[in-house]
$ cat run16.txt   # compact mmCIF, C-alpha atoms
# COMPACT_ATOMS: atom_id res chain seq x y z
CA MET A 1 88.23 133.77 118.44
CA SER A 2 84.87 132.14 119.08
CA ALA A 3 83.61 133.48 115.76
CA LEU A 4 86.49 131.77 114.05
CA ASP A 5 85.81 128.45 115.74
CA HIS A 6 82.19 128.68 114.74
CA ASN A 7 83.10 129.11 111.11
CA ALA A 8 85.84 126.54 111.22
CA THR A 9 83.51 123.86 112.49
CA GLN A 10 80.99 124.81 109.85
CA ASP A 11 83.32 124.36 106.93
CA PRO A 12 87.01 123.52 107.35
CA GLU A 13 87.73 124.24 103.70
CA LEU A 14 86.20 127.69 103.97
CA HIS A 15 88.45 128.40 106.91
CA SER A 16 91.58 127.30 105.14
CA HIS A 17 90.75 129.82 102.46
CA GLY A 18 89.91 132.44 105.02
CA ASP A 19 93.49 132.48 106.19
CA THR A 20 94.58 133.70 102.81
CA PHE A 21 92.25 136.46 101.80
CA GLY A 22 92.51 136.47 98.02
CA HIS A 23 94.05 132.99 98.06
CA ALA A 24 97.52 134.48 97.79
CA SER A 25 100.64 132.59 98.70
CA PHE A 26 104.28 133.33 98.11
CA LYS A 27 104.52 130.13 96.08
CA SER A 28 101.82 131.18 93.60
CA TYR A 29 103.51 134.56 93.04
CA ALA A 30 106.92 132.90 92.60
CA ILE A 31 105.58 130.35 90.11
CA GLY A 32 103.71 133.09 88.25
CA PHE A 33 106.79 135.30 88.11
CA VAL A 34 109.12 132.60 86.77
CA ALA A 35 106.57 131.41 84.20
CA SER A 36 105.91 135.01 83.10
CA VAL A 37 109.61 135.77 82.68
CA ILE A 38 110.02 132.68 80.49
CA LEU A 39 106.87 133.38 78.47
CA THR A 40 107.99 137.00 77.96
CA ALA A 41 111.60 136.16 77.11
CA ILE A 42 110.68 133.62 74.40
CA PRO A 43 108.71 135.98 72.10
CA PHE A 44 111.10 138.92 72.67
CA TRP A 45 114.09 136.71 71.90
CA LEU A 46 112.42 135.29 68.77
CA VAL A 47 111.56 138.76 67.43
CA MET A 48 114.91 140.34 68.28
CA THR A 49 117.02 137.54 66.78
CA GLY A 50 114.68 136.51 63.97
CA ALA A 51 115.48 132.87 64.68
CA LEU A 52 112.26 131.59 63.13
CA SER A 53 110.29 132.51 60.02
CA PRO A 54 107.86 135.44 60.46
CA GLY A 55 104.85 133.09 60.42
CA ALA A 56 106.28 130.79 63.09
CA THR A 57 107.39 133.79 65.16
CA ALA A 58 103.87 135.26 65.02
CA LEU A 59 102.40 131.95 66.14
CA ALA A 60 104.91 131.72 69.01
CA ILE A 61 104.04 135.28 70.10
CA ILE A 62 100.30 134.53 70.15
CA VAL A 63 100.71 131.22 71.98
CA SER A 64 103.08 132.76 74.57
CA ALA A 65 100.70 135.69 75.14
CA ILE A 66 97.68 133.47 75.71
CA ALA A 67 99.69 131.17 78.00
CA GLN A 68 100.97 134.14 80.00
CA ILE A 69 97.48 135.62 80.35
CA VAL A 70 96.32 132.27 81.76
CA VAL A 71 99.33 132.17 84.14
CA HIS A 72 98.59 135.71 85.40
CA THR A 73 94.90 134.94 85.83
CA ILE A 74 95.61 131.85 87.93
CA CYS A 75 98.73 132.90 89.87
CA PHE A 76 98.16 136.65 90.36
CA LEU A 77 94.40 137.19 90.05
CA HIS A 78 93.71 133.87 91.80
CA VAL A 79 90.77 132.99 89.61
CA ASN A 80 89.70 129.42 90.29
CA THR A 81 86.58 127.34 90.72
CA GLN A 82 86.39 128.08 94.46
CA ALA A 83 86.89 131.88 94.56
CA GLU A 84 83.59 133.75 95.03
CA GLY A 85 81.71 130.50 94.54
CA GLY A 86 83.07 130.19 91.01
CA TRP A 87 81.46 133.42 89.80
CA THR A 88 84.75 135.16 89.02
CA LEU A 89 85.68 132.21 86.81
CA ILE A 90 82.30 132.29 85.04
CA ALA A 91 82.58 136.05 84.51
CA PHE A 92 86.13 135.60 83.23
CA VAL A 93 85.19 132.87 80.76
CA PHE A 94 82.17 134.89 79.59
CA THR A 95 84.39 137.95 79.03
CA ALA A 96 86.97 135.84 77.21
CA VAL A 97 84.27 134.60 74.83
CA LEU A 98 83.01 138.16 74.22
CA LEU A 99 86.60 139.33 73.71
CA LEU A 100 87.26 136.61 71.16
CA ILE A 101 84.02 137.35 69.25
CA LEU A 102 84.72 141.09 69.29
CA ILE A 103 88.36 140.93 68.18
CA VAL A 104 88.32 137.95 65.80
CA GLY A 105 84.94 139.00 64.41
CA SER A 106 86.14 142.56 63.73
CA LEU A 107 89.31 141.38 62.03
CA TRP A 108 87.42 138.82 59.98
CA ILE A 109 84.70 141.19 58.82
CA MET A 110 87.06 144.07 58.09
CA TYR A 111 89.44 141.81 56.19
CA HIS A 112 86.63 140.67 53.93
CA LEU A 113 85.35 144.24 53.57
CA ASN A 114 88.79 145.21 52.36
CA ALA A 115 89.12 142.16 50.14
CA ASN A 116 85.66 142.18 48.55
CA MET A 117 84.13 145.62 48.72
CA MET A 118 86.96 148.05 48.16
CA PRO A 119 89.60 146.47 45.94
CA GLY A 120 91.20 149.86 45.40
CA ALA A 121 91.83 150.26 49.12
CA MET A 122 93.89 147.09 49.52
CA PRO A 123 97.25 147.91 51.07
CA GLY A 124 99.12 146.62 48.03
CA GLU A 125 97.04 148.68 45.60
CA MET A 126 97.23 151.96 47.44
CA SER A 127 98.66 153.73 44.41
CA ASP A 128 95.58 152.92 42.32
CA THR A 129 93.28 154.99 44.48
CA PRO A 130 92.54 158.46 43.23
CA MET B 1 84.78 157.66 110.29
CA ASP B 2 86.67 160.94 110.58
CA THR B 3 85.16 161.75 113.96
CA THR B 4 86.32 158.47 115.41
CA GLY B 5 88.69 159.11 118.31
CA ASP B 6 92.12 157.55 118.57
CA SER B 7 91.11 155.20 121.36
CA GLN B 8 88.09 154.12 119.38
CA ALA B 9 90.22 153.54 116.32
CA LEU B 10 92.53 151.38 118.37
CA ALA B 11 89.66 149.35 119.70
CA GLU B 12 88.38 149.00 116.17
CA ALA B 13 91.77 147.81 114.97
CA GLU B 14 91.86 145.20 117.71
CA GLN B 15 88.39 144.05 116.82
CA SER B 16 89.20 143.99 113.14
CA VAL B 17 91.04 140.69 113.62
CA THR B 18 87.76 139.02 114.38
CA PHE B 19 85.86 141.00 111.80
CA HIS B 20 88.46 140.21 109.22
CA LEU B 21 88.14 136.49 109.68
CA VAL B 22 84.36 136.63 109.61
CA GLY B 23 84.42 138.92 106.59
CA ASP B 24 86.83 136.55 104.90
CA ASP B 25 84.53 133.62 105.08
CA HIS B 26 81.72 135.70 103.70
CA GLY B 27 83.98 136.88 100.92
CA HIS B 28 84.24 133.36 99.65
CA GLY B 29 80.55 132.73 99.83
CA THR B 30 77.92 135.15 98.70
CA GLY B 31 78.04 137.57 101.64
CA THR B 32 80.43 140.29 100.42
CA PRO B 33 79.52 141.50 96.96
CA THR B 34 82.35 144.04 96.66
CA ILE B 35 85.04 141.69 95.38
CA LEU B 36 82.80 140.08 92.79
CA GLY B 37 81.38 143.48 91.84
CA PHE B 38 84.85 144.88 91.31
CA TRP B 39 85.72 141.82 89.26
CA ILE B 40 82.68 142.48 87.04
CA TYR B 41 83.92 146.07 86.60
CA LEU B 42 87.33 144.73 85.54
CA MET B 43 85.68 142.44 83.02
CA SER B 44 83.75 145.39 81.55
CA ASP B 45 87.04 147.30 81.45
CA ALA B 46 88.49 144.34 79.55
CA LEU B 47 85.76 144.87 76.95
CA ILE B 48 86.86 148.49 76.48
CA PHE B 49 90.33 147.18 75.77
CA ALA B 50 88.86 144.49 73.50
CA ALA B 51 87.26 147.24 71.41
CA LEU B 52 90.56 149.15 71.29
CA PHE B 53 92.51 145.99 70.39
CA ALA B 54 89.99 145.21 67.64
CA THR B 55 90.27 148.77 66.30
CA PHE B 56 94.05 148.51 66.35
CA GLY B 57 93.89 145.11 64.65
CA VAL B 58 91.78 146.49 61.83
CA LEU B 59 93.88 149.64 61.38
CA SER B 60 97.29 148.13 62.13
CA THR B 61 98.35 148.12 58.46
CA SER B 62 96.78 151.46 57.54
CA TYR B 63 100.02 153.41 57.39
CA ALA B 64 98.78 156.06 54.91
CA GLY B 65 102.35 156.33 53.62
CA GLY B 66 103.55 157.05 57.15
CA PRO B 67 105.92 155.05 59.35
CA ALA B 68 105.39 151.31 59.93
CA PRO B 69 105.94 149.59 63.33
CA ARG B 70 109.39 148.46 62.24
CA ASP B 71 110.45 152.08 61.64
CA ILE B 72 109.38 153.50 64.99
CA PHE B 73 109.12 150.83 67.71
CA GLU B 74 112.07 150.38 70.07
CA LEU B 75 111.87 146.88 71.48
CA PRO B 76 114.44 147.41 74.28
CA LEU B 77 112.16 150.12 75.75
CA VAL B 78 109.16 147.80 75.48
CA ALA B 79 111.10 144.96 77.13
CA LEU B 80 112.13 147.35 79.93
CA ASN B 81 108.52 148.40 80.51
CA THR B 82 107.35 144.80 80.42
CA GLY B 83 109.92 143.94 83.09
CA ILE B 84 108.98 146.93 85.25
CA LEU B 85 105.29 146.07 85.17
CA LEU B 86 105.90 142.38 85.88
CA VAL B 87 108.13 143.16 88.86
CA SER B 88 105.52 145.66 90.12
CA SER B 89 102.95 142.86 90.02
CA ILE B 90 105.22 140.80 92.27
CA THR B 91 105.86 143.68 94.68
CA TYR B 92 102.11 144.23 94.94
CA GLY B 93 101.73 140.51 95.64
CA LEU B 94 104.30 140.87 98.44
CA ALA B 95 102.28 143.79 99.82
CA MET B 96 99.20 141.55 99.89
CA LEU B 97 101.15 138.79 101.66
CA ALA B 98 102.40 141.33 104.22
CA MET B 99 98.81 142.56 104.66
CA GLU B 100 97.63 139.03 105.38
CA ARG B 101 100.28 138.70 108.08
CA GLY B 102 99.07 142.01 109.50
CA ALA B 103 102.46 143.66 108.90
CA LEU B 104 101.49 147.28 108.31
CA ARG B 105 105.00 148.69 107.71
CA LYS B 106 105.90 145.96 105.20
CA THR B 107 102.58 146.49 103.40
CA GLN B 108 103.26 150.21 103.10
CA LEU B 109 106.82 149.59 101.94
CA TRP B 110 105.85 147.15 99.17
CA LEU B 111 102.98 149.42 98.10
CA ALA B 112 105.37 152.38 97.87
CA ILE B 113 107.80 150.31 95.78
CA THR B 114 104.90 149.27 93.52
CA ALA B 115 103.93 152.93 93.07
CA VAL B 116 107.52 153.86 92.17
CA LEU B 117 107.69 151.03 89.62
CA GLY B 118 104.34 152.12 88.19
CA ALA B 119 105.60 155.69 87.91
CA SER B 120 108.75 154.44 86.13
CA PHE B 121 106.54 152.55 83.69
CA VAL B 122 104.52 155.67 82.91
CA ALA B 123 107.73 157.74 82.63
CA VAL B 124 109.23 155.33 80.07
CA GLU B 125 105.98 155.35 78.14
CA VAL B 126 105.81 159.15 78.11
CA TYR B 127 109.46 159.22 76.96
CA GLU B 128 108.60 156.78 74.15
CA PHE B 129 105.56 158.83 73.09
CA ALA B 130 107.60 162.04 73.16
CA ASN B 131 110.23 160.42 70.90
CA LEU B 132 107.55 159.18 68.48
CA ILE B 133 105.93 162.59 68.28
CA ALA B 134 109.32 164.28 67.82
CA GLU B 135 109.96 161.92 64.88
CA GLY B 136 106.67 162.98 63.33
CA ALA B 137 104.86 159.76 64.23
CA THR B 138 101.94 161.63 65.76
CA PRO B 139 98.43 160.24 66.34
CA GLN B 140 97.21 162.31 63.37
CA ARG B 141 99.70 160.72 60.97
CA SER B 142 97.82 157.50 60.11
CA GLY B 143 95.08 155.13 61.23
CA PHE B 144 97.74 152.81 62.57
CA LEU B 145 99.22 155.54 64.78
CA SER B 146 95.80 156.83 65.90
CA SER B 147 94.75 153.40 67.12
CA PHE B 148 98.22 152.71 68.56
CA PHE B 149 98.22 155.87 70.68
CA THR B 150 94.61 155.35 71.77
CA LEU B 151 95.21 151.77 72.91
CA VAL B 152 98.57 152.24 74.61
CA ALA B 153 97.66 155.59 76.19
CA THR B 154 94.40 154.16 77.58
CA HIS B 155 96.47 151.49 79.29
CA GLY B 156 98.96 154.11 80.50
CA LEU B 157 96.09 156.18 81.88
CA HIS B 158 94.83 153.16 83.80
CA VAL B 159 98.30 152.66 85.29
CA THR B 160 98.40 156.34 86.26
CA LEU B 161 95.05 156.02 88.02
CA GLY B 162 96.34 152.87 89.71
CA ILE B 163 99.32 154.85 91.06
CA ILE B 164 96.97 157.54 92.39
CA TRP B 165 94.90 154.80 94.04
CA ILE B 166 98.04 153.34 95.65
CA LEU B 167 98.94 156.79 97.02
CA VAL B 168 95.41 157.19 98.42
CA MET B 169 95.71 153.76 100.06
CA LEU B 170 99.07 154.72 101.58
CA VAL B 171 97.34 157.70 103.22
CA GLN B 172 94.45 155.49 104.35
CA LEU B 173 96.87 152.93 105.80
CA SER B 174 98.89 155.52 107.69
CA GLN B 175 95.71 156.95 109.21
CA ARG B 176 93.68 153.82 109.96
CA GLY B 177 95.99 150.86 109.59
CA LEU B 178 94.93 147.46 108.29
CA ILE B 179 91.26 147.75 109.13
CA VAL B 180 88.87 145.46 107.29
CA GLU B 181 87.78 148.25 104.89
CA ASN B 182 91.37 148.92 103.92
CA ARG B 183 92.03 145.22 103.40
CA ARG B 184 89.05 145.06 101.08
CA ARG B 185 90.23 148.14 99.17
CA LEU B 186 93.75 146.75 98.87
CA LEU B 187 92.33 143.50 97.52
CA CYS B 188 90.34 145.40 94.86
CA LEU B 189 93.42 147.45 94.01
CA SER B 190 95.50 144.28 93.70
CA MET B 191 93.01 142.91 91.20
CA PHE B 192 93.13 146.23 89.30
CA TRP B 193 96.94 146.23 89.24
CA HIS B 194 97.31 142.60 88.13
CA PHE B 195 94.59 143.18 85.54
CA LEU B 196 96.64 146.03 84.03
CA ASP B 197 99.60 143.67 83.74
CA VAL B 198 97.37 141.21 81.89
CA ILE B 199 96.31 143.96 79.46
CA TRP B 200 99.99 144.86 78.97
CA ILE B 201 100.69 141.26 77.88
CA GLY B 202 98.22 141.86 75.06
CA VAL B 203 99.80 145.22 74.23
CA PHE B 204 103.42 144.10 74.03
CA SER B 205 102.52 140.87 72.21
CA PHE B 206 99.93 142.02 69.70
CA VAL B 207 100.97 145.63 69.18
CA TYR B 208 104.75 145.70 69.52
CA LEU B 209 106.03 142.17 68.83
CA LEU B 210 103.54 141.26 66.09
CA GLY B 211 104.06 144.74 64.64
CA MET B 212 107.78 144.09 64.32
CA VAL B 213 107.17 140.75 62.61
CA ARG B 214 104.63 142.09 60.14
$ encode --input "run16.txt" --output "structure tokens"
Amino acid sequence: MSALDHNATQDPELHSHGDTFGHASFKSYAIGFVASVILTAIPFWLVMTGALSPGATALAIIVSAIAQIVVHTICFLHVNTQAEGGWTLIAFVFTAVLLLILIVGSLWIMYHLNANMMPGAMPGEMSDTP
Amino acid sequence: MDTTGDSQALAEAEQSVTFHLVGDDHGHGTGTPTILGFWIYLMSDALIFAALFATFGVLSTSYAGGPAPRDIFELPLVALNTGILLVSSITYGLAMLAMERGALRKTQLWLAITAVLGASFVAVEVYEFANLIAEGATPQRSGFLSSFFTLVATHGLHVTLGIIWILVMLVQLSQRGLIVENRRRLLCLSMFWHFLDVIWIGVFSFVYLLGMVR
């Protein structure tokens, strides 16, 4: 255990992390599980009962999904500012930005393509197309 | 590794306690690149899914006179699969906690349970796909169905590969125990498994639930 002592004296914080490879703890999994169940139940319940208007339901689904992705990333994937010297967090944020550009950008561009370039191909005017 | 004798393996296992702790500290610095490298792979995998989500988003109303989400999706099945995958994330987490305590049997048990849950998930998905195809909602039917099958099946394929990986790790564990290499592999696999659950959040929210509202 001399190697351990050496490291412990070097950096106590490093050691405290070393005891939990992957920063896992039962508490983080329990919190993540309960939060995920709630954030899953809300959108399913809203869609199955139709309690809110379609627009409000859609908004609730999107907000719940984003919140649950954040919960999973923190509680299950253990992404934080300390893990891997913060590089996993930077990679995650970078990917999130790319994801947003890719998905929102595609939807935006294709919506306008449909709206401006091919009026005959609009969903509502399907019957007009030859 | 294969030529290592039993006595040597035992000695290695005993030593691994020290190695593990040293390796740990490196893992949180810049010493071990594997974890970060695997994370970068997962992020690139996320971009594959981003492309598939974007494709689905663009084509999600292109029914071509075929069935709409409301006509074909069965939410109870989706809720069941969501529950299965979430519970499997927790059982994998319990396997990781057992691994950290050095409890080999518990680790194997939780991993086996995770694999069974993963297999149930794939089974339900295959059942759902079979029903859709029997109803005539095949991938060829419309742009919506093409992109739906591509996205959801790509996720299902990932889960299938994850199950195979778990089975490989069960073999590795039974042969070599919780050596430092196996701990590292299990950590990568845990990231892979939790990542698939994250992707599934996107699938059930944006494909199934939003599809039902549309």
$ closest_residue --input "run16.txt" --among "A:Ile66, A:Ser53, A:Phe44, A:Ser36" --to "A:Leu100" --atoms "only C-alpha atoms"
A:Ile66
$ closest_residue --input "run16.txt" --among "B:Ser146, B:Gln108, B:Ser89, B:Asn81" --to "B:Phe195" --atoms "all atoms listed in the file"
B:Ser89
$ closest_residue --input "run16.txt" --among "B:Leu178, B:Leu80, B:Met96, B:Ala119" --to "chain A" --atoms "all atoms listed in the file"
B:Met96
$ residues_around --input "run16.txt" --residues "B:Ile84" --least-positions-apart "4" --cutoff "9 Å" --atoms "only C-alpha atoms" --output "PDB file with C-alpha atoms, in the coordinates of the input"
ATOM      1  CA  ALA B  79     111.100 144.960  77.130  1.00  0.00           C
ATOM      2  CA  LEU B  80     112.130 147.350  79.930  1.00  0.00           C
ATOM      3  CA  SER B  88     105.520 145.660  90.120  1.00  0.00           C
ATOM      4  CA  SER B  89     102.950 142.860  90.020  1.00  0.00           C
ATOM      5  CA  LEU B 117     107.690 151.030  89.620  1.00  0.00           C
ATOM      6  CA  GLY B 118     104.340 152.120  88.190  1.00  0.00           C
ATOM      7  CA  SER B 120     108.750 154.440  86.130  1.00  0.00           C
ATOM      8  CA  PHE B 121     106.540 152.550  83.690  1.00  0.00           C
TER       9      PHE B 121
END
$ atom_distance --input "run16.txt" --atom1 "atom CA of B:Trp110" --atom2 "atom CA of B:Ala98"
8.4 Å
$ residues_around --input "run16.txt" --residues "B:Phe129" --least-positions-apart "4" --cutoff "10 Å" --atoms "all atoms listed in the file" --output "list in words"
Ala123, Val124, Glu125, Ile133, Ala134, Glu135, Ala137, Thr138, Pro139, Phe149, Val152 and Ala153 of chain B
$ atom_distance --input "run16.txt" --atom1 "atom CA of A:Ala41" --atom2 "atom CA of B:Leu161"
28.1 Å
$ closest_residue --input "run16.txt" --among "B:Ala51, B:Leu104, B:Ala68, B:Ala112" --to "chain A" --atoms "only C-alpha atoms"
B:Ala51
$ residues_near_point --input "run16.txt" --point "(95.4, 149.0, 70.6)" --cutoff "6 Å" --atoms "all atoms listed in the file" --output "count of residues only"
6
$ atom_distance --input "run16.txt" --atom1 "atom CA of A:Val37" --atom2 "atom CA of B:Val198"
13.4 Å
$ residues_around --input "run16.txt" --residues "B:Lys106" --least-positions-apart "6" --cutoff "9 Å" --atoms "only C-alpha atoms" --output "number ranges by chain"
B: 94-95, 98-99
$ closest_residue --input "run16.txt" --among "A:Ala65, A:Ile90, A:Ile74, A:Leu98" --to "A:Ile38" --atoms "only C-alpha atoms"
A:Ala65
$ residues_near_point --input "run16.txt" --point "(110.6, 141.1, 65.6)" --cutoff "6 Å" --atoms "all atoms listed in the file" --output "VMD selection string"
(chain A and resid 47 to 48) or (chain B and resid 209 212 to 213)
$ closest_residue --input "run16.txt" --among "A:Ile42, A:Glu84, A:Cys75, A:Val70" --to "B:Thr34" --atoms "only C-alpha atoms"
A:Glu84
$ residues_around --input "run16.txt" --residues "B:Leu59" --least-positions-apart "3" --cutoff "6 Å" --atoms "all atoms listed in the file" --output "PyMOL selection string"
chain B and resi 56+62+143-144
$ write_last_selection --input "run16.txt" --atoms "C-alpha atoms" --output "PDB file, in the frame of the given file"
ATOM      1  CA  PHE B  56      94.050 148.510  66.350  1.00  0.00           C
ATOM      2  CA  SER B  62      96.780 151.460  57.540  1.00  0.00           C
ATOM      3  CA  GLY B 143      95.080 155.130  61.230  1.00  0.00           C
ATOM      4  CA  PHE B 144      97.740 152.810  62.570  1.00  0.00           C
TER       5      PHE B 144
END
$ axis_aligned_box --input "run16.txt" --around "stretch 185-199 of chain B" --padding-each-side "6 Å" --output "JSON"
{"center_x": 94.9, "center_y": 144.7, "center_z": 89.3, "size_x": 21.4, "size_y": 18.9, "size_z": 31.7}
$ decode --input "run16.txt" --residues "stretch 66-98 of chain A" --atoms "C-alpha atoms" --output "mmCIF file, in the first residue's frame"
data_model
loop_
_atom_site.group_PDB
_atom_site.id
_atom_site.type_symbol
_atom_site.label_atom_id
_atom_site.label_comp_id
_atom_site.auth_asym_id
_atom_site.auth_seq_id
_atom_site.Cartn_x
_atom_site.Cartn_y
_atom_site.Cartn_z
ATOM 1 C CA ILE A 66 -33.523 17.236 -22.224
ATOM 2 C CA ALA A 67 -33.749 17.181 -18.418
ATOM 3 C CA GLN A 68 -33.513 13.381 -18.370
ATOM 4 C CA ILE A 69 -30.516 13.382 -20.720
ATOM 5 C CA VAL A 70 -28.770 15.783 -18.330
ATOM 6 C CA VAL A 71 -29.711 13.572 -15.336
ATOM 7 C CA HIS A 72 -28.321 10.453 -17.071
ATOM 8 C CA THR A 73 -25.140 12.255 -18.077
ATOM 9 C CA ILE A 74 -24.450 13.411 -14.524
ATOM 10 C CA CYS A 75 -25.738 10.463 -12.457
ATOM 11 C CA PHE A 76 -24.948 7.485 -14.728
ATOM 12 C CA LEU A 77 -22.153 8.637 -17.043
ATOM 13 C CA HIS A 78 -20.569 10.677 -14.228
ATOM 14 C CA VAL A 79 -19.582 13.544 -16.470
ATOM 15 C CA ASN A 80 -18.356 16.443 -14.353
ATOM 16 C CA THR A 81 -15.643 19.066 -14.293
ATOM 17 C CA GLN A 82 -13.200 16.748 -12.485
ATOM 18 C CA ALA A 83 -13.498 13.514 -14.517
ATOM 19 C CA GLU A 84 -10.577 13.064 -16.935
ATOM 20 C CA GLY A 85 -9.417 16.578 -16.145
ATOM 21 C CA GLY A 86 -12.650 18.012 -17.528
ATOM 22 C CA TRP A 87 -12.082 16.662 -21.043
ATOM 23 C CA THR A 88 -15.144 14.413 -21.036
ATOM 24 C CA LEU A 89 -17.260 17.447 -20.177
ATOM 25 C CA ILE A 90 -15.662 19.526 -22.945
ATOM 26 C CA ALA A 91 -16.163 16.703 -25.461
ATOM 27 C CA PHE A 92 -19.766 16.325 -24.298
ATOM 28 C CA VAL A 93 -20.548 20.032 -24.627
ATOM 29 C CA PHE A 94 -18.845 20.151 -28.038
ATOM 30 C CA THR A 95 -20.916 17.157 -29.208
ATOM 31 C CA ALA A 96 -24.094 18.722 -27.834
ATOM 32 C CA VAL A 97 -23.415 21.874 -29.860
ATOM 33 C CA LEU A 98 -22.749 19.835 -33.028
#
